[in-house]
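Content type PDB, C-alpha atoms and all ligand atoms, from the file entry.pdb:
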```
ATOM      1  CA  MET A 187      32.769  22.373   3.280
ATOM      2  CA  ILE A 188      30.062  23.142   5.868
ATOM      3  CA  GLN A 189      29.767  26.401   7.779
ATOM      4  CA  LEU A 190      27.022  27.341  10.178
ATOM      5  CA  PHE A 191      26.838  30.888  11.542
ATOM      6  CA  HIS A 192      24.565  31.572  14.500
ATOM      7  CA  VAL A 193      22.037  29.030  13.308
ATOM      8  CA  HIS A 194      18.731  28.856  15.100
ATOM      9  CA  LYS A 195      15.978  26.355  14.412
ATOM     10  CA  GLN A 196      12.639  26.590  16.092
ATOM     11  CA  TYR A 197       9.733  24.221  15.561
ATOM     12  CA  ALA A 198       6.300  25.587  16.430
ATOM     13  CA  GLY A 199       5.477  25.218  20.103
ATOM     14  CA  GLU A 200       8.820  23.580  20.987
ATOM     15  CA  ALA A 201      11.994  24.692  22.718
ATOM     16  CA  PRO A 202      14.552  25.636  20.044
ATOM     17  CA  ALA A 203      16.026  22.564  18.370
ATOM     18  CA  LEU A 204      19.196  24.536  17.550
ATOM     19  CA  LEU A 205      20.326  27.668  19.366
ATOM     20  CA  ASP A 206      23.049  29.949  18.041
ATOM     21  CA  VAL A 207      25.099  27.164  16.487
ATOM     22  CA  THR A 208      28.329  28.303  14.852
ATOM     23  CA  LEU A 209      30.404  25.478  13.477
ATOM     24  CA  GLY A 210      32.739  24.743  10.594
ATOM     25  CA  VAL A 211      33.605  21.400   9.044
ATOM     26  CA  GLU A 212      36.523  21.499   6.656
ATOM     27  CA  LYS A 213      36.997  19.499   3.502
ATOM     28  CA  GLY A 214      38.370  16.059   4.336
ATOM     29  CA  GLU A 215      37.400  16.121   8.012
ATOM     30  CA  PHE A 216      35.724  13.258   9.886
ATOM     31  CA  VAL A 217      33.501  14.642  12.618
ATOM     32  CA  PHE A 218      31.302  12.912  15.152
ATOM     33  CA  LEU A 219      28.205  14.769  16.277
ATOM     34  CA  THR A 220      27.044  13.568  19.642
ATOM     35  CA  GLY A 221      24.732  14.522  22.479
ATOM     36  CA  PRO A 222      21.644  13.232  24.248
ATOM     37  CA  SER A 223      18.395  12.428  22.513
ATOM     38  CA  GLY A 224      16.688  15.634  21.383
ATOM     39  CA  ALA A 225      19.937  17.650  21.419
ATOM     40  CA  GLY A 226      19.503  18.665  17.775
ATOM     41  CA  LYS A 227      21.827  16.283  15.894
ATOM     42  CA  SER A 228      19.288  15.175  13.284
ATOM     43  CA  THR A 229      18.009  18.723  12.902
ATOM     44  CA  LEU A 230      21.513  19.973  12.106
ATOM     45  CA  MET A 231      21.965  17.279   9.454
ATOM     46  CA  ARG A 232      18.562  17.986   7.901
ATOM     47  CA  LEU A 233      19.440  21.672   7.603
ATOM     48  CA  VAL A 234      22.748  20.865   5.895
ATOM     49  CA  PHE A 235      20.911  18.541   3.480
ATOM     50  CA  CYS A 236      18.405  21.327   2.690
ATOM     51  CA  ALA A 237      15.584  19.122   3.938
ATOM     52  CA  GLU A 238      14.507  22.025   6.139
ATOM     53  CA  ALA A 239      15.346  25.698   6.466
ATOM     54  CA  ALA A 240      16.947  27.392   9.475
ATOM     55  CA  THR A 241      14.770  29.874  11.350
ATOM     56  CA  SER A 242      17.700  32.309  11.375
ATOM     57  CA  GLY A 243      21.452  32.289  10.842
ATOM     58  CA  GLN A 244      23.381  31.215   7.789
ATOM     59  CA  ILE A 245      24.454  27.837   6.448
ATOM     60  CA  LEU A 246      27.024  27.383   3.710
ATOM     61  CA  VAL A 247      27.461  23.983   2.088
ATOM     62  CA  PHE A 248      30.234  23.716  -0.527
ATOM     63  CA  GLY A 249      30.484  27.496  -0.119
ATOM     64  CA  ARG A 250      26.851  28.034  -1.163
ATOM     65  CA  ASN A 251      24.346  29.737   1.084
ATOM     66  CA  VAL A 252      21.613  27.089   1.253
ATOM     67  CA  ALA A 253      18.920  29.701   1.893
ATOM     68  CA  LYS A 254      19.647  31.053  -1.580
ATOM     69  CA  VAL A 255      19.636  27.713  -3.389
ATOM     70  CA  LYS A 256      16.493  27.555  -5.547
ATOM     71  CA  PRO A 257      14.282  24.524  -4.914
ATOM     72  CA  SER A 258      14.979  23.378  -8.469
ATOM     73  CA  GLN A 259      18.739  23.402  -7.698
ATOM     74  CA  ILE A 260      18.540  21.369  -4.491
ATOM     75  CA  PRO A 261      18.723  17.974  -6.252
ATOM     76  CA  TYR A 262      21.996  19.050  -7.896
ATOM     77  CA  LEU A 263      23.477  20.091  -4.555
ATOM     78  CA  ARG A 264      22.355  16.782  -3.066
ATOM     79  CA  ARG A 265      24.144  14.772  -5.754
ATOM     80  CA  SER A 266      27.380  15.533  -3.934
ATOM     81  CA  ILE A 267      25.966  14.469  -0.571
ATOM     82  CA  GLY A 268      25.458  10.867   0.550
ATOM     83  CA  VAL A 269      22.996  10.430   3.405
ATOM     84  CA  VAL A 270      22.098   7.736   5.878
ATOM     85  CA  PHE A 271      18.991   9.192   7.535
ATOM     86  CA  GLN A 272      16.348   7.374   9.520
ATOM     87  CA  ASP A 273      13.572   8.920   7.441
ATOM     88  CA  PHE A 274      15.310   8.425   4.111
ATOM     89  CA  LYS A 275      14.157   4.890   3.595
ATOM     90  CA  LEU A 276      15.049   2.329   0.970
ATOM     91  CA  LEU A 277      12.538   2.062  -1.851
ATOM     92  CA  PRO A 278      10.504  -1.061  -0.991
ATOM     93  CA  ASP A 279       9.533  -1.874  -4.580
ATOM     94  CA  ARG A 280      13.139  -1.943  -5.815
ATOM     95  CA  THR A 281      15.722  -4.586  -5.158
ATOM     96  CA  VAL A 282      18.759  -3.950  -3.007
ATOM     97  CA  ALA A 283      20.940  -3.551  -6.116
ATOM     98  CA  GLU A 284      18.416  -1.155  -7.692
ATOM     99  CA  ASN A 285      18.291   0.919  -4.515
ATOM    100  CA  VAL A 286      22.061   1.197  -4.432
ATOM    101  CA  ALA A 287      22.221   1.938  -8.168
ATOM    102  CA  PHE A 288      19.710   4.768  -7.896
ATOM    103  CA  PRO A 289      22.112   7.670  -7.103
ATOM    104  CA  LEU A 290      24.342   6.604 -10.007
ATOM    105  CA  GLU A 291      21.452   6.287 -12.460
ATOM    106  CA  VAL A 292      20.170   9.786 -11.734
ATOM    107  CA  ARG A 293      23.648  10.992 -12.645
ATOM    108  CA  GLY A 294      23.426   9.167 -15.950
ATOM    109  CA  LEU A 295      26.350   6.761 -15.478
ATOM    110  CA  PRO A 296      26.594   4.005 -18.108
ATOM    111  CA  ALA A 297      24.851   0.786 -17.053
ATOM    112  CA  ARG A 298      28.066  -1.241 -17.034
ATOM    113  CA  GLU A 299      29.769   1.183 -14.683
ATOM    114  CA  VAL A 300      26.710   1.275 -12.444
ATOM    115  CA  ARG A 301      26.788  -2.524 -12.202
ATOM    116  CA  ARG A 302      30.486  -2.578 -11.415
ATOM    117  CA  LYS A 303      30.213   0.031  -8.667
ATOM    118  CA  VAL A 304      27.093  -1.541  -7.158
ATOM    119  CA  ASP A 305      28.700  -5.003  -7.082
ATOM    120  CA  ALA A 306      31.836  -3.604  -5.448
ATOM    121  CA  ILE A 307      30.035  -1.649  -2.731
ATOM    122  CA  LEU A 308      27.659  -4.536  -1.943
ATOM    123  CA  ARG A 309      30.705  -6.759  -1.517
ATOM    124  CA  SER A 310      32.268  -4.244   0.820
ATOM    125  CA  VAL A 311      29.184  -4.223   3.071
ATOM    126  CA  GLY A 312      28.963  -8.027   2.963
ATOM    127  CA  LEU A 313      25.717  -8.102   0.973
ATOM    128  CA  GLU A 314      26.920  -9.440  -2.358
ATOM    129  CA  LEU A 315      24.384 -12.288  -2.170
ATOM    130  CA  LYS A 316      21.432 -10.015  -1.407
ATOM    131  CA  GLY A 317      21.438  -7.714  -4.446
ATOM    132  CA  GLY A 318      18.325  -9.343  -5.921
ATOM    133  CA  LYS A 319      16.281  -9.243  -2.709
ATOM    134  CA  PHE A 320      13.748  -6.586  -1.765
ATOM    135  CA  PRO A 321      14.542  -4.474   1.307
ATOM    136  CA  LEU A 322      11.698  -5.878   3.377
ATOM    137  CA  ALA A 323      13.187  -9.360   3.020
ATOM    138  CA  LEU A 324      16.312  -8.147   4.852
ATOM    139  CA  SER A 325      16.947  -7.722   8.556
ATOM    140  CA  GLY A 326      17.074  -4.196  10.032
ATOM    141  CA  GLY A 327      20.855  -4.342  10.214
ATOM    142  CA  GLU A 328      21.133  -5.501   6.597
ATOM    143  CA  GLN A 329      18.837  -2.675   5.486
ATOM    144  CA  GLN A 330      21.074  -0.268   7.360
ATOM    145  CA  ARG A 331      24.099  -1.568   5.467
ATOM    146  CA  VAL A 332      22.251  -1.157   2.156
ATOM    147  CA  ALA A 333      21.548   2.456   3.140
ATOM    148  CA  VAL A 334      25.261   2.956   3.841
ATOM    149  CA  ALA A 335      26.124   1.363   0.482
ATOM    150  CA  ARG A 336      23.651   3.651  -1.303
ATOM    151  CA  ALA A 337      25.130   6.689   0.444
ATOM    152  CA  LEU A 338      28.724   5.809  -0.472
ATOM    153  CA  VAL A 339      28.390   4.286  -3.937
ATOM    154  CA  GLY A 340      28.842   7.601  -5.725
ATOM    155  CA  ASP A 341      31.940   8.644  -3.722
ATOM    156  CA  PRO A 342      30.136  11.760  -2.433
ATOM    157  CA  ALA A 343      32.059  14.890  -1.455
ATOM    158  CA  LEU A 344      30.104  14.890   1.808
ATOM    159  CA  LEU A 345      28.525  12.083   3.812
ATOM    160  CA  LEU A 346      25.886  12.824   6.444
ATOM    161  CA  ALA A 347      25.158   9.734   8.520
ATOM    162  CA  ASP A 348      22.580   9.852  11.315
ATOM    163  CA  GLU A 349      23.129   6.892  13.673
ATOM    164  CA  PRO A 350      24.400   4.698  10.807
ATOM    165  CA  THR A 351      25.266   1.887  13.196
ATOM    166  CA  GLY A 352      22.151   2.146  15.359
ATOM    167  CA  ASN A 353      20.738  -1.279  14.427
ATOM    168  CA  LEU A 354      23.992  -3.146  14.106
ATOM    169  CA  ASP A 355      25.787  -5.663  16.306
ATOM    170  CA  PRO A 356      29.329  -4.737  17.425
ATOM    171  CA  GLU A 357      31.033  -6.590  14.585
ATOM    172  CA  ARG A 358      28.867  -4.971  11.878
ATOM    173  CA  THR A 359      29.220  -1.614  13.607
ATOM    174  CA  LEU A 360      32.974  -1.766  13.146
ATOM    175  CA  GLU A 361      32.597  -2.902   9.529
ATOM    176  CA  VAL A 362      30.355   0.063   8.748
ATOM    177  CA  MET A 363      32.628   2.450  10.611
ATOM    178  CA  ASP A 364      35.593   1.106   8.657
ATOM    179  CA  LEU A 365      33.689   1.823   5.429
ATOM    180  CA  LEU A 366      33.052   5.406   6.523
ATOM    181  CA  HIS A 367      36.688   5.673   7.467
ATOM    182  CA  ALA A 368      37.802   4.349   4.078
ATOM    183  CA  ALA A 369      35.468   6.795   2.306
ATOM    184  CA  ASN A 370      37.040   9.574   4.359
ATOM    185  CA  ALA A 371      40.507   8.378   3.363
ATOM    186  CA  ARG A 372      39.385   8.593  -0.313
ATOM    187  CA  GLY A 373      38.428  12.221   0.245
ATOM    188  CA  THR A 374      34.818  12.224   1.455
ATOM    189  CA  THR A 375      34.117  14.651   4.287
ATOM    190  CA  VAL A 376      32.171  12.708   6.910
ATOM    191  CA  LEU A 377      29.728  13.874   9.591
ATOM    192  CA  VAL A 378      28.343  11.083  11.773
ATOM    193  CA  ALA A 379      25.719  11.510  14.494
ATOM    194  CA  THR A 380      26.023   8.873  17.163
ATOM    195  CA  HIS A 381      25.154   8.115  20.765
ATOM    196  CA  ASP A 382      27.763   5.374  20.868
ATOM    197  CA  ARG A 383      30.556   6.532  23.193
ATOM    198  CA  SER A 384      32.686   3.513  22.342
ATOM    199  CA  LEU A 385      32.926   4.760  18.744
ATOM    200  CA  LEU A 386      34.093   8.187  19.876
ATOM    201  CA  GLU A 387      36.767   6.574  21.993
ATOM    202  CA  ARG A 388      37.830   4.053  19.392
ATOM    203  CA  TYR A 389      38.148   6.390  16.401
ATOM    204  CA  LYS A 390      39.571   9.469  18.144
ATOM    205  CA  LYS A 391      38.132  11.951  15.674
ATOM    206  CA  ARG A 392      36.864  15.451  16.264
ATOM    207  CA  VAL A 393      33.734  15.303  18.422
ATOM    208  CA  VAL A 394      31.133  18.067  18.437
ATOM    209  CA  ALA A 395      28.750  17.648  21.371
ATOM    210  CA  LEU A 396      25.314  19.242  21.248
ATOM    211  CA  GLU A 397      23.219  19.851  24.318
ATOM    212  CA  ARG A 398      19.727  21.278  24.128
ATOM    213  CA  GLY A 399      20.488  22.767  20.740
ATOM    214  CA  ARG A 400      23.817  24.370  21.638
ATOM    215  CA  VAL A 401      27.385  23.322  20.895
ATOM    216  CA  ALA A 402      28.512  22.225  24.360
ATOM    217  CA  ALA A 403      31.983  21.006  23.352
ATOM    218  CA  ASP A 404      34.096  20.710  20.261
ATOM    219  CA  GLY A 405      36.887  18.140  20.430
ATOM    220  CA  ALA A 406      39.035  19.814  17.803
ATOM    221  CA  GLU A 407      39.087  23.053  19.782
ATOM    222  CA  ILE A 408      39.745  21.181  22.983
ATOM    223  CA  ARG A 409      42.718  19.423  21.369
ATOM    224  CA  ARG A 410      44.032  22.634  19.804
ATOM    225  CA  THR A 411      44.070  24.409  23.144
ATOM    226  CA  GLY A 412      45.709  21.412  24.790
ATOM    227  CA  ARG A 413      43.002  20.926  27.368
ATOM    228  CA  ALA A 414      42.372  17.289  26.447
TER     229      ALA A 414
HETATM  230  N1  LIG B   1       9.669  17.981  12.700
HETATM  231  C1  LIG B   1       9.708  18.400  13.978
HETATM  232  N2  LIG B   1       8.662  19.045  14.537
HETATM  233  C2  LIG B   1       8.703  19.485  15.800
HETATM  234  N3  LIG B   1       9.743  19.308  16.628
HETATM  235  C3  LIG B   1      10.808  18.661  16.137
HETATM  236  C4  LIG B   1      10.853  18.164  14.802
HETATM  237  N4  LIG B   1      12.052  17.557  14.607
HETATM  238  C5  LIG B   1      12.735  17.663  15.767
HETATM  239  N5  LIG B   1      11.989  18.325  16.685
HETATM  240  C6  LIG B   1      12.408  18.659  18.052
HETATM  241  O1  LIG B   1      13.672  19.269  17.973
HETATM  242  C7  LIG B   1      14.528  18.817  19.023
HETATM  243  C8  LIG B   1      15.797  18.209  18.442
HETATM  244  O2  LIG B   1      15.469  16.999  17.760
HETATM  245  P1  LIG B   1      16.528  16.151  16.948
HETATM  246  O3  LIG B   1      15.782  15.038  16.278
HETATM  247  O4  LIG B   1      17.322  17.051  16.092
HETATM  248  O5  LIG B   1      17.448  15.600  18.118
HETATM  249  P2  LIG B   1      18.560  14.439  18.076
HETATM  250  O6  LIG B   1      19.722  14.963  18.842
HETATM  251  O7  LIG B   1      18.801  14.011  16.675
HETATM  252  O8  LIG B   1      17.855  13.284  18.891
HETATM  253  P3  LIG B   1      17.971  11.668  18.707
HETATM  254  O9  LIG B   1      19.331  11.322  19.175
HETATM  255  O10 LIG B   1      16.890  11.168  19.610
HETATM  256  O11 LIG B   1      17.728  11.373  17.268
HETATM  257  C9  LIG B   1      13.705  17.842  19.853
HETATM  258  O12 LIG B   1      13.161  18.547  20.943
HETATM  259  C10 LIG B   1      12.616  17.414  18.901
HETATM  260  O13 LIG B   1      11.423  17.096  19.608
END
```
Take the structure in the file and write it out as structure tokens.
Ligand SMILES: Nc1ncnc2c1ncn2[C@@H]1O[C@H](COP(=O)(O)OP(=O)(O)OP(=O)(O)O)[C@@H](O)[C@H]1O
Amino acid sequence: MIQLFHVHKQYAGEAPALLDVTLGVEKGEFVFLTGPSGAGKSTLMRLVFCAEAATSGQILVFGRNVAKVKPSQIPYLRRSIGVVFQDFKLLPDRTVAENVAFPLEVRGLPAREVRRKVDAILRSVGLELKGGKFPLALSGGEQQRVAVARALVGDPALLLADEPTGNLDPERTLEVMDLLHAANARGTTVLVATHDRSLLERYKKRVVALERGRVAADGAEIRRTGRA
């Protein structure tokens, strides 16, 4: 589903954000990406989403080399990817329901089906009464849940979630994590960046730890070799 081979990402004048990262995420996996601030978690997700290009190395997403995807084809690739990114904000001039409906409308789903799916996902994030509100009328945590709803409404093949529970209280954190878990059980491959150690312990999924741009540990490998 995602393969990175010796990926390097260098921003001008900075230490490398990613350094020789080789990593595979298989279809159907649920993987936590963790590591201290600045370790490269968001950078890795942005590269997979084709929001930026690697400096060197190769990235395959759905088997396609992203460096060879034409700019005009990127939106099509992204239709299969749901994202919860800090810099991928809700549209302030659209209601919550319109924001969530957006990924379905660009795919041309019939209006009735869009409404049904939007109602169902808003219910599942506990925001069924907020569909008519504008994002700025919601709390930070509610906006976060709308972003999660928008990312999941189209049952994407791949979900990239960067600190999706960062603004949430413990109860809402578990609700959102349960939604990601349920999406995974329906077949979505999930990659979640988080600082929250309690989530890693609670969900016992594969954990890839980045440190200063390198893969410092990979929980799946550790389990396979019986060292953990
Ligand atoms: N657009 C950019 N321009 C320059 N440097 C950048 C840019 N984006 C990230 N960096 C640098 O790349 C490194 C990795 O950043 P990144 O945001 O990927 O880390 P992170 O692990 O997601 O951190 P956090 O947990 O704080 O979000 C940092 O040193 C950061 O300063």
> Taking the file as shown, what set of residues would the PyMOL selection byres (((not hetatm)) within 6 of (chain B and resi 1)) give back, as an MDAnalysis selection string?
Replying inline: chainID A and resid 197 203 222:229
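Distances here use all atoms listed in the file; by that measure, the residue among A:Leu344, A:Leu324, A:Leu246, A:Leu308 closest to Arg265 in chain A is A:Leu344.
Minimum atom-to-atom distance to Gln196 in chain A, evaluated using all atoms listed in the file, belongs to A:Arg398 out of A:Asp341, A:Arg398, A:Pro257, A:Leu377.
Nearest-residue note for Asp273 in chain A: choosing from A:Thr374, A:Gln330, A:Thr359, A:Gln259, the minimum distance belongs to A:Gln330, counting only C-alpha atoms.
Closest approach to Ala337 in chain A among A:Val270, A:Ala306, A:Leu209, A:Ile188: A:Val270, based on all atoms listed in the file.
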>> Using only C-alpha atoms, can you tell me which of A:Pro289, A:Pro278, A:Gly294, A:Gly317 comes closest to Arg336 in chain A?
In response: A:Pro289
> If the PyMOL selection byres (((chain A and resi 340) around 12) and not hetatm) is run on the structure shown, which residues does it catch, given as a PyMOL selection string?
Replying inline: chain A and resi 264-269+286-295+299-300+302-304+306-307+334-339+341-345+369+372+374
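The space between CA of Leu204 in chain A and CA of Val217 in chain A spans 18.1 Å.
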